[in-house]
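Below is one structure, written out as structure tokens; the observations come after it.
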Amino acid sequence: MALTISFSPKSLSTTQYDEVIRRLAAAGAGAPSGRLFHTCFGPPHHLRVVDVWASQEQFDKFGAVLMPLMKEMGLDSGVPDIQPQHNSLVGK
């Protein structure tokens, strides 16, 4: 079952987000298996992130790469809100 996972850190700037994305790519985790959708949105100094993952196991594997990178950068992702996905529609 797919999961929708949202993160609302206390503060996440566009610069910090871009650096996390760069470090994930350098670690070979820029396009992880099982991540079906990713979006980052919000004001430039208070971004939020929503991902859709195919499984909890795939998300956990990605988290094993992501969390040390964020800790190294002094970032706190907050507690993710993990919910089973009921439906997803894709535009043309």
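Following the order of the structure tokens, chains are lettered A, B, ..., residues in each are numbered from 1, and ligands are numbered from 1.
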Among chain A, which ones does DSSP place in alpha helix (DSSP H), written as a CSV table (one decimal) with N, CA and C atoms, in the first residue's frame?
chain,number,residue,atom,x,y,z
A,14,THR,N,15.0,27.5,1.2
A,14,THR,CA,15.3,27.0,-0.1
A,14,THR,C,16.8,26.6,-0.3
A,15,THR,N,17.7,27.4,0.4
A,15,THR,CA,19.1,27.1,0.3
A,15,THR,C,19.4,25.7,1.0
A,16,GLN,N,18.8,25.5,2.1
A,16,GLN,CA,19.0,24.3,2.9
A,16,GLN,C,18.4,23.1,2.1
A,17,TYR,N,17.2,23.3,1.6
A,17,TYR,CA,16.6,22.2,0.8
A,17,TYR,C,17.4,21.8,-0.4
A,18,ASP,N,17.9,22.9,-1.2
A,18,ASP,CA,18.7,22.6,-2.3
A,18,ASP,C,20.0,21.8,-2.0
A,19,GLU,N,20.5,22.2,-0.8
A,19,GLU,CA,21.8,21.5,-0.4
A,19,GLU,C,21.5,20.0,0.0
A,20,VAL,N,20.3,19.8,0.6
A,20,VAL,CA,20.0,18.4,0.9
A,20,VAL,C,19.8,17.6,-0.4
A,21,ILE,N,19.1,18.2,-1.4
A,21,ILE,CA,18.9,17.5,-2.7
A,21,ILE,C,20.3,17.2,-3.3
A,22,ARG,N,21.2,18.2,-3.3
A,22,ARG,CA,22.5,18.0,-3.9
A,22,ARG,C,23.3,16.8,-3.2
A,23,ARG,N,23.2,16.8,-1.9
A,23,ARG,CA,23.9,15.8,-1.1
A,23,ARG,C,23.3,14.4,-1.3
A,24,LEU,N,21.9,14.3,-1.4
A,24,LEU,CA,21.3,13.1,-1.7
A,24,LEU,C,21.7,12.5,-3.1
A,25,ALA,N,21.8,13.4,-4.1
A,25,ALA,CA,22.3,13.0,-5.4
A,25,ALA,C,23.7,12.5,-5.4
A,26,ALA,N,24.5,13.2,-4.6
A,26,ALA,CA,25.9,12.8,-4.5
A,26,ALA,C,26.1,11.4,-3.8
A,56,GLN,N,6.5,1.3,3.1
A,56,GLN,CA,7.3,1.7,4.3
A,56,GLN,C,8.7,1.3,4.3
A,57,GLU,N,9.0,0.1,3.8
A,57,GLU,CA,10.3,-0.4,3.7
A,57,GLU,C,11.2,0.4,2.8
A,58,GLN,N,10.7,0.9,1.7
A,58,GLN,CA,11.5,1.7,0.8
A,58,GLN,C,11.7,3.1,1.4
A,59,PHE,N,10.7,3.6,2.1
A,59,PHE,CA,10.9,4.9,2.7
A,59,PHE,C,11.9,4.8,3.8
A,60,ASP,N,11.9,3.7,4.6
A,60,ASP,CA,12.9,3.5,5.7
A,60,ASP,C,14.3,3.4,5.1
A,61,LYS,N,14.5,2.7,4.0
A,61,LYS,CA,15.8,2.6,3.4
A,61,LYS,C,16.3,4.0,3.0
A,62,PHE,N,15.5,4.8,2.4
A,62,PHE,CA,15.8,6.2,2.0
A,62,PHE,C,16.2,7.0,3.2
A,63,GLY,N,15.4,6.8,4.3
A,63,GLY,CA,15.6,7.6,5.5
A,63,GLY,C,17.0,7.3,6.1
A,64,ALA,N,17.5,6.1,5.9
A,64,ALA,CA,18.8,5.7,6.4
A,64,ALA,C,19.9,6.6,5.8
A,65,VAL,N,19.6,7.1,4.6
A,65,VAL,CA,20.6,8.0,3.9
A,65,VAL,C,20.2,9.4,4.2
A,66,LEU,N,19.0,9.8,4.2
A,66,LEU,CA,18.5,11.2,4.4
A,66,LEU,C,18.8,11.7,5.8
A,67,MET,N,18.5,10.9,6.8
A,67,MET,CA,18.6,11.5,8.2
A,67,MET,C,20.0,11.8,8.6
A,68,PRO,N,21.0,11.0,8.3
A,68,PRO,CA,22.4,11.4,8.6
A,68,PRO,C,22.8,12.7,7.9
A,69,LEU,N,22.4,12.9,6.7
A,69,LEU,CA,22.7,14.1,5.9
A,69,LEU,C,22.1,15.3,6.6
A,70,MET,N,20.8,15.2,7.0
A,70,MET,CA,20.2,16.3,7.6
A,70,MET,C,20.8,16.6,9.0
A,71,LYS,N,21.2,15.6,9.7
A,71,LYS,CA,21.8,15.8,11.0
A,71,LYS,C,23.2,16.5,10.8
A,72,GLU,N,23.9,16.1,9.8
A,72,GLU,CA,25.2,16.7,9.5
A,72,GLU,C,25.0,18.2,9.2
Which residues are near Gln85 of chain A? Cut-off 6 Å, only C-alpha atoms, ignore same chain within fewer than 5 positions. Put them as a PDB file with N, CA and C atoms, in the first residue's frame.
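File part16.pdb, as written:
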ATOM      1  N   ALA A   2       0.575   2.185  -0.861  1.00  0.00           N
ATOM      2  CA  ALA A   2       1.333   3.432  -0.934  1.00  0.00           C
ATOM      3  C   ALA A   2       1.070   4.282   0.303  1.00  0.00           C
ATOM      4  N   LEU A   3       2.066   5.084   0.648  1.00  0.00           N
ATOM      5  CA  LEU A   3       1.983   5.971   1.808  1.00  0.00           C
ATOM      6  C   LEU A   3       2.244   7.402   1.381  1.00  0.00           C
ATOM      7  N   THR A   4       1.478   8.332   1.949  1.00  0.00           N
ATOM      8  CA  THR A   4       1.749   9.755   1.781  1.00  0.00           C
ATOM      9  C   THR A   4       2.442  10.214   3.048  1.00  0.00           C
TER      10      THR A   4
END
Practice task
Within 9 Å of Pro43 of chain A, counting only C-alpha atoms, which residues show up once you throw out same-chain ones fewer than 3 positions away? Write them as a PyMOL selection string, please.
Solution key: chain A and resi 13-14+46-48
Practice task
Counting only C-alpha atoms, figure out which residue out of A:Ala54, A:Leu12, A:Val79, A:Leu89 gets nearest to Gly34 of chain A.
Solution key: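 Under the stated criterion, the closest residue is A:Ala54.
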Exercise for the section: Tell me, as a ChimeraX atom specification, which residues lie within 8 Å of Leu36 of chain A, counting only C-alpha atoms; anything in the same chain fewer than 4 positions away does not count. Expected result: /A:51-54
Exercise for the section: Just the strand (DSSP E) stuff from chain A, please, per backbone DSSP, written as a PyMOL selection string. Expected result: chain A and resi 3-7+35-41+48-53+81-84
Could you take the residues named above and write them with C-alpha atoms, as a PDB file, in the first residue's frame?
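Dumped everything to part-v5.pdb:
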ATOM      1  CA  LEU A   3       1.983   5.971   1.808  1.00  0.00           C
ATOM      2  CA  THR A   4       1.749   9.755   1.781  1.00  0.00           C
ATOM      3  CA  ILE A   5       4.425  11.215   4.026  1.00  0.00           C
ATOM      4  CA  SER A   6       4.538  14.899   4.874  1.00  0.00           C
ATOM      5  CA  PHE A   7       7.240  16.824   6.691  1.00  0.00           C
ATOM      6  CA  ARG A  35       9.460   7.167  -4.198  1.00  0.00           C
ATOM      7  CA  LEU A  36       6.498   7.744  -6.479  1.00  0.00           C
ATOM      8  CA  PHE A  37       6.130  11.496  -6.018  1.00  0.00           C
ATOM      9  CA  HIS A  38       7.950  14.349  -4.293  1.00  0.00           C
ATOM     10  CA  THR A  39       7.074  17.997  -3.868  1.00  0.00           C
ATOM     11  CA  CYS A  40       8.498  20.835  -1.811  1.00  0.00           C
ATOM     12  CA  PHE A  41       6.420  23.970  -1.261  1.00  0.00           C
ATOM     13  CA  ARG A  48       7.301  21.745   3.645  1.00  0.00           C
ATOM     14  CA  VAL A  49       7.748  18.437   1.842  1.00  0.00           C
ATOM     15  CA  VAL A  50       5.288  15.759   0.715  1.00  0.00           C
ATOM     16  CA  ASP A  51       6.344  12.384  -0.678  1.00  0.00           C
ATOM     17  CA  VAL A  52       4.394   9.370  -1.849  1.00  0.00           C
ATOM     18  CA  TRP A  53       6.193   6.070  -1.290  1.00  0.00           C
ATOM     19  CA  ASP A  81       3.002  12.464   9.214  1.00  0.00           C
ATOM     20  CA  ILE A  82       2.641   9.032   7.581  1.00  0.00           C
ATOM     21  CA  GLN A  83      -0.752   8.109   6.179  1.00  0.00           C
ATOM     22  CA  PRO A  84      -1.988   5.302   3.936  1.00  0.00           C
TER      23      PRO A  84
END
Practice task
Please indicate the distance in Å from atom CA of Pro44 of chain A to atom CA of Asp76 of chain A, rounded to one decimal place.
Solution key: 16.6 Å
Problem - atom CA of Ala29 of chain A to atom CA of Ser88 of chain A, straight-line distance in Å - result: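 Spanning atom CA of Ser88 of chain A to atom CA of Ala29 of chain A is a straight-line distance of 24.0 Å.
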